[in-house]
Structures are given as structure tokens and as C-alpha cells.
file start_7.txt (compact mmCIF, C-alpha atoms)
# COMPACT_ATOMS: atom_id res chain seq x y z
CA MET A 1 41.80 22.20 -40.70
CA ASN A 2 45.56 22.58 -40.73
CA ILE A 3 47.16 21.63 -37.43
CA PHE A 4 50.79 22.19 -36.42
CA LEU A 5 51.99 19.68 -33.83
CA ILE A 6 55.22 21.01 -32.37
CA GLY A 7 57.01 18.32 -30.42
CA SER A 8 56.07 15.23 -32.39
CA SER A 9 58.76 12.66 -31.66
CA SER A 10 57.15 10.74 -28.78
CA GLU A 11 54.76 7.82 -29.11
CA PHE A 12 52.18 9.90 -27.23
CA ALA A 13 52.46 12.70 -29.81
CA SER A 14 52.17 10.14 -32.63
CA ASN A 15 48.93 8.87 -31.10
CA ILE A 16 47.58 12.43 -30.85
CA ALA A 17 48.50 13.03 -34.51
CA LEU A 18 46.78 9.80 -35.62
CA GLU A 19 43.53 10.93 -34.02
CA LEU A 20 43.75 14.49 -35.34
CA ASP A 21 44.75 13.36 -38.83
CA LYS A 22 41.45 11.53 -39.40
CA ASN A 23 39.68 14.66 -40.70
CA ASN A 24 42.43 17.27 -40.68
CA LYS A 25 45.91 17.83 -42.04
CA VAL A 26 48.54 17.50 -39.33
CA PHE A 27 52.03 18.90 -39.87
CA LYS A 28 54.55 17.48 -37.41
CA PHE A 29 57.57 19.42 -36.17
CA GLY A 30 60.33 18.55 -33.74
CA ARG A 31 64.05 18.76 -33.14
CA SER A 32 64.66 16.84 -36.37
CA ASN A 33 63.20 19.59 -38.57
CA LEU A 34 63.02 22.68 -36.36
CA SER A 35 65.62 24.76 -34.53
CA TYR A 36 63.61 25.98 -31.53
CA LEU A 37 65.83 28.95 -30.69
CA ASP A 38 66.30 30.33 -34.19
CA TYR A 39 63.35 32.59 -35.01
CA ASN A 40 64.28 33.07 -38.67
CA SER A 41 64.88 29.37 -39.22
CA MET A 42 61.48 28.53 -37.71
CA LYS A 43 59.78 31.21 -39.78
CA LYS A 44 61.41 29.84 -42.94
CA GLU A 45 60.38 26.26 -42.11
CA PHE A 46 56.76 27.21 -41.36
CA SER A 47 56.51 29.25 -44.58
CA LYS A 48 56.66 25.94 -46.48
CA TYR A 49 53.23 24.98 -45.14
CA PRO A 50 49.74 26.47 -45.16
CA ASP A 51 48.88 28.68 -42.19
CA PRO A 52 47.69 26.61 -39.24
CA ASP A 53 44.23 26.79 -37.74
CA ILE A 54 45.45 25.08 -34.55
CA VAL A 55 48.94 25.05 -33.02
CA ILE A 56 49.79 22.41 -30.42
CA PHE A 57 52.86 22.90 -28.21
CA ASN A 58 54.10 19.51 -26.99
CA THR A 59 57.71 20.42 -26.28
CA HIS A 60 59.86 19.12 -23.43
CA CYS A 61 60.17 21.17 -20.26
CA PRO A 62 63.39 20.65 -18.28
CA GLY A 63 63.88 20.95 -14.56
CA HIS A 64 66.87 21.64 -12.36
CA LYS A 65 67.38 20.51 -8.81
CA ILE A 66 68.48 23.38 -6.63
CA ASP A 67 69.91 23.05 -3.14
CA ILE A 68 68.55 26.16 -1.44
CA SER A 69 71.08 25.80 1.37
CA LYS A 70 73.96 26.50 -1.04
CA GLN A 71 74.76 29.41 -3.28
CA ILE A 72 73.91 28.69 -6.88
CA SER A 73 76.92 28.52 -9.18
CA VAL A 74 77.48 30.59 -12.31
CA GLU A 75 77.30 27.37 -14.35
CA GLN A 76 73.93 26.48 -12.84
CA ILE A 77 72.62 29.97 -13.57
CA SER A 78 73.82 29.64 -17.16
CA ASP A 79 72.17 26.23 -17.57
CA ILE A 80 68.89 27.47 -16.10
CA SER A 81 68.98 30.56 -18.30
CA GLN A 82 69.55 28.49 -21.45
CA ASP A 83 66.70 26.17 -20.52
CA PHE A 84 64.41 29.12 -19.76
CA ASN A 85 65.14 30.44 -23.26
CA LYS A 86 64.21 27.04 -24.70
CA VAL A 87 60.99 26.86 -22.71
CA PHE A 88 59.85 30.47 -22.77
CA TYR A 89 61.23 32.29 -25.78
CA ASN A 90 60.75 29.48 -28.25
CA LYS A 91 57.03 29.46 -27.41
CA LEU A 92 56.89 33.23 -27.88
CA TYR A 93 58.65 32.87 -31.23
CA LEU A 94 56.29 30.09 -32.28
CA TYR A 95 53.25 32.14 -31.29
CA ASP A 96 54.51 35.19 -33.17
CA ILE A 97 55.19 33.17 -36.31
CA CYS A 98 51.87 31.29 -36.13
CA LYS A 99 49.61 34.01 -34.74
CA LYS A 100 47.25 33.83 -37.70
CA ALA A 101 45.91 30.69 -36.03
CA ASN A 102 43.02 31.16 -33.63
CA HIS A 103 43.57 28.11 -31.41
CA PHE A 104 46.67 27.31 -29.32
CA VAL A 105 47.01 24.24 -27.12
CA PHE A 106 49.85 23.51 -24.69
CA VAL A 107 50.42 19.92 -23.58
CA THR A 108 51.59 20.92 -20.13
CA SER A 109 51.62 20.02 -16.45
CA SER A 110 49.32 20.68 -13.53
CA ILE A 111 52.31 21.08 -11.20
CA THR A 112 51.55 24.76 -10.56
CA LYS A 113 47.91 24.12 -9.64
CA TRP A 114 48.32 22.21 -6.36
CA HIS A 115 50.58 21.57 -3.42
CA ASP A 116 52.05 18.10 -3.57
CA ASP A 117 55.25 16.30 -2.65
CA LEU A 118 57.24 17.96 -5.45
CA GLY A 119 58.83 20.77 -3.46
CA PHE A 120 62.06 22.71 -3.84
CA ASP A 121 63.72 19.90 -5.80
CA HIS A 122 61.27 20.71 -8.59
CA LEU A 123 61.11 24.48 -8.14
CA MET A 124 62.64 25.29 -11.54
CA TYR A 125 60.31 22.89 -13.33
CA ARG A 126 57.42 24.64 -11.56
CA GLN A 127 58.82 28.02 -12.66
CA PHE A 128 59.21 26.93 -16.27
CA ARG A 129 55.65 25.56 -16.36
CA ALA A 130 54.32 28.70 -14.66
CA SER A 131 55.97 30.88 -17.31
CA GLU A 132 54.40 28.71 -20.02
CA GLN A 133 51.01 29.12 -18.35
CA GLN A 134 51.43 32.88 -18.42
CA ILE A 135 51.96 32.64 -22.18
CA ILE A 136 48.68 30.69 -22.37
CA LYS A 137 46.94 33.54 -20.54
CA CYS A 138 48.53 36.24 -22.73
CA ILE A 139 47.47 34.45 -25.91
CA ALA A 140 43.92 34.24 -24.52
CA ILE A 141 44.00 37.97 -23.74
CA ASP A 142 45.17 38.46 -27.34
CA GLY A 143 41.74 37.16 -28.40
CA LYS A 144 42.73 33.60 -29.29
CA LEU A 145 41.52 30.30 -27.86
CA SER A 146 44.44 29.19 -25.70
CA TYR A 147 44.68 26.61 -22.93
CA GLY A 148 46.80 23.85 -21.46
CA LEU A 149 45.98 20.17 -21.27
CA CYS A 150 47.76 18.05 -18.68
CA PRO A 151 47.96 14.34 -19.52
CA GLY A 152 49.00 13.42 -15.97
CA GLY A 153 48.11 9.79 -15.32
CA MET A 154 48.43 8.82 -18.95
CA ASP A 155 50.83 5.97 -18.14
CA LYS A 156 47.75 3.89 -17.31
CA ASP A 157 46.47 4.13 -20.90
CA PRO A 158 48.49 6.47 -23.18
CA GLU A 159 46.36 5.77 -26.25
CA ALA A 160 43.12 6.67 -24.45
CA TYR A 161 44.69 9.88 -23.14
CA ALA A 162 46.01 10.80 -26.60
CA THR A 163 42.62 10.13 -28.18
CA LYS A 164 40.78 12.18 -25.54
CA LEU A 165 43.33 15.02 -25.78
CA ALA A 166 42.76 15.17 -29.55
CA GLN A 167 38.97 15.11 -29.07
CA ILE A 168 39.17 17.98 -26.57
CA ILE A 169 41.26 20.00 -29.03
CA LEU A 170 38.83 19.44 -31.88
CA LYS A 171 35.84 20.56 -29.78
CA GLN A 172 37.36 24.05 -29.57
CA ASP A 173 35.57 24.64 -26.27
CA LYS A 174 35.90 28.31 -25.36
CA ARG A 175 35.23 27.49 -21.68
CA LEU A 176 38.80 26.11 -21.51
CA ASN A 177 40.31 29.44 -22.52
CA GLY A 178 43.23 30.77 -20.48
CA ASP A 179 43.61 27.88 -18.03
CA VAL A 180 45.13 24.40 -17.57
CA HIS A 181 42.86 21.34 -17.53
CA LEU A 182 43.40 17.68 -16.74
CA VAL A 183 42.78 15.32 -19.66
CA GLY A 184 41.78 12.64 -17.15
CA ASP A 185 38.77 14.76 -16.07
CA PHE A 186 37.38 14.37 -19.59
CA LEU A 187 38.08 10.65 -20.11
CA HIS A 188 34.60 9.41 -19.33
CA GLU A 189 32.60 12.06 -21.19

call {"tool": "encode", "arguments": {"input": "start_7.txt", "output": "C-alpha cells"}}
result
Amino acid sequence: MNIFLIGSSSEFASNIALELDKNNKVFKFGRSNLSYLDYNSMKKEFSKYPDPDIVIFNTHCPGHKIDISKQISVEQISDISQDFNKVFYNKLYLYDICKKANHFVFVTSSITKWHDDLGFDHLMYRQFRASEQQIIKCIAIDGKLSYGLCPGGMDKDPEAYATKLAQIILKQDKRLNGDVHLVGDFLHE
């Protein structure tokens, strides 16, 4: 299979690629070879490679601290808007360019699933991740296998988490479709 790994600069991503590359062809993309906000540039870059069977989104998601007791400034709104474009529209662009693939995986966060101590200070990060999760659901509705995998807790053993994440991806389990799952829940399978 041909696998596009988008967001490949971290050690964690390298470990995922090593596991996937054992029996597949992994093409790695990141800021060094991809302009995330330029649709035509991305389309041109991807045209150099065979169509992917699997697309993995492992791109950074920013967050902004907002003081809800103060009016938000024009500069803050501009920064948040630019980051939203990076988080949301680049994933839409990537999906549109790669939609011949039938399997889309988002390395994401479980922050929208539960209440925890990350409140208003992390509201924009929650919003960005929630928008990403809506893309996951729309891709699933589009008839593709699409889900998120959260590697929360990976600091304990990043290599084990990367290996398990890759194994989950290769299983192509349709029961995961349209939702976010914790990699840690699968570690001892």
C-alpha cells in the first residue's frame, strides 16, 4: 500500500513511519516539502507520487489562551483566524487532493471527549480539535474509513505507542469509523 504521512518531522512520526514502512511504501510530508495553505502547491507536490491508499494527518494543532473577562483584540482574532485556516482548511485541501484514498487517519487529541482541568485557557485548542473531528465525521459520511487516534500518554513509551498506532492503522478496522480512539486502549491487545 501507498501511505502518505503528513506531518513527519517528529521522532514519534518517524517511529510510526518505520513500522508502516515494513510492508508498505510510506511517503513523508511536512513543512520542509509542503506548503499547507497553498492548495495548488500541495496538489503539484502530491502529483509526483502514486495515489495513496491511506492518508495520515499528523499536523500540529495550535492553541490560544483567551481571557474571557477581557474583550478580544483584533490582533488576537487575526491570529486565531490564521491558525484556524492552518488547522481546518489545510485538512480540507488535503482531503480533496487525496480523496481517491479510502482510509484517512488523524493523529489527534481526546480533549473534546471529556471534562478535565483544561478549561477556558484551552478553549481554542478544544475548538480546533473539535473542527478536525467534524472533518473526520464528514469523511466517514463520504463513504471512507476515517477516524482519529489519540496518543495521549505516549510519553511513557513513545515507541510502543507509535508501533501500536501503526498496527491499528494497518488493521483498517471499520468499527473505528467516524470517531476518536485512544491508542493506549489498544496497547495490550

call {"tool": "closest_residue", "arguments": {"input": "start_7.txt", "among": "A:Lys70, A:Lys25, A:His64, A:Lys137", "to": "Gln82 of chain A", "atoms": "all atoms listed in the file"}}
result
A:His64

call {"tool": "closest_residue", "arguments": {"input": "start_7.txt", "among": "A:Ile54, A:Leu34, A:Ile136, A:Ala101", "to": "Lys171 of chain A", "atoms": "only C-alpha atoms"}}
result
A:Ile54

call {"tool": "residues_near_point", "arguments": {"input": "start_7.txt", "point": "(45.5, 12.3, -29.8)", "cutoff": "8 Å", "atoms": "all atoms listed in the file", "output": "ChimeraX atom specification"}}
result
/A:12-20,159,161-167

call {"tool": "atom_distance", "arguments": {"input": "start_7.txt", "atom1": "atom CA of Val180 of chain A", "atom2": "atom CA of Glu132 of chain A"}}
result
10.5 Å

call {"tool": "closest_residue", "arguments": {"input": "start_7.txt", "among": "A:Phe4, A:Ser69, A:Leu187, A:Ile80", "to": "Glu45 of chain A", "atoms": "only C-alpha atoms"}}
result
A:Phe4

call {"tool": "closest_residue", "arguments": {"input": "start_7.txt", "among": "A:Ser73, A:Ser9, A:Tyr95, A:Asp67", "to": "Gly119 of chain A", "atoms": "all atoms listed in the file"}}
result
A:Asp67

call {"tool": "atom_distance", "arguments": {"input": "start_7.txt", "atom1": "atom CA of Met154 of chain A", "atom2": "atom CA of Pro62 of chain A"}}
result
19.1 Å

call {"tool": "residues_around", "arguments": {"input": "start_7.txt", "residues": "Lys65 of chain A", "least_positions_apart": "6", "cutoff": "8 Å", "atoms": "all atoms listed in the file", "output": "ChimeraX atom specification"}}
result
/A:120-124

call {"tool": "closest_residue", "arguments": {"input": "start_7.txt", "among": "A:Lys43, A:Ile66, A:Asp155, A:Ile56", "to": "Glu11 of chain A", "atoms": "all atoms listed in the file"}}
result
A:Asp155

call {"tool": "axis_aligned_box", "arguments": {"input": "start_7.txt", "around": "segment 69-79 of chain A", "padding_each_side": "3 Å", "output": "JSON"}}
result
{"center_x": 74.3, "center_y": 28.2, "center_z": -8.1, "size_x": 12.4, "size_y": 10.8, "size_z": 24.9}

call {"tool": "closest_residue", "arguments": {"input": "start_7.txt", "among": "A:Val105, A:Ile135, A:Gln71, A:Asp157", "to": "Ile169 of chain A", "atoms": "all atoms listed in the file"}}
result
A:Val105

call {"tool": "atom_distance", "arguments": {"input": "start_7.txt", "atom1": "atom CA of Asp96 of chain A", "atom2": "atom CA of Tyr49 of chain A"}}
result
15.8 Å

call {"tool": "residues_around", "arguments": {"input": "start_7.txt", "residues": "Lys113 of chain A", "least_positions_apart": "6", "cutoff": "12 Å", "atoms": "all atoms listed in the file", "output": "list of chain:residue names"}}
result
A:Arg126, A:Gln127, A:Arg129, A:Ala130, A:Gln133, A:Gly148, A:Cys150, A:Asp179, A:Val180, A:His181, A:Leu182

call {"tool": "residues_around", "arguments": {"input": "start_7.txt", "residues": "Leu94 of chain A", "least_positions_apart": "2", "cutoff": "9 Å", "atoms": "all atoms listed in the file", "output": "list of chain:residue names"}}
result
A:Tyr36, A:Tyr39, A:Met42, A:Lys43, A:Val55, A:Phe57, A:Tyr89, A:Asn90, A:Lys91, A:Leu92, A:Asp96, A:Ile97, A:Cys98, A:Lys99
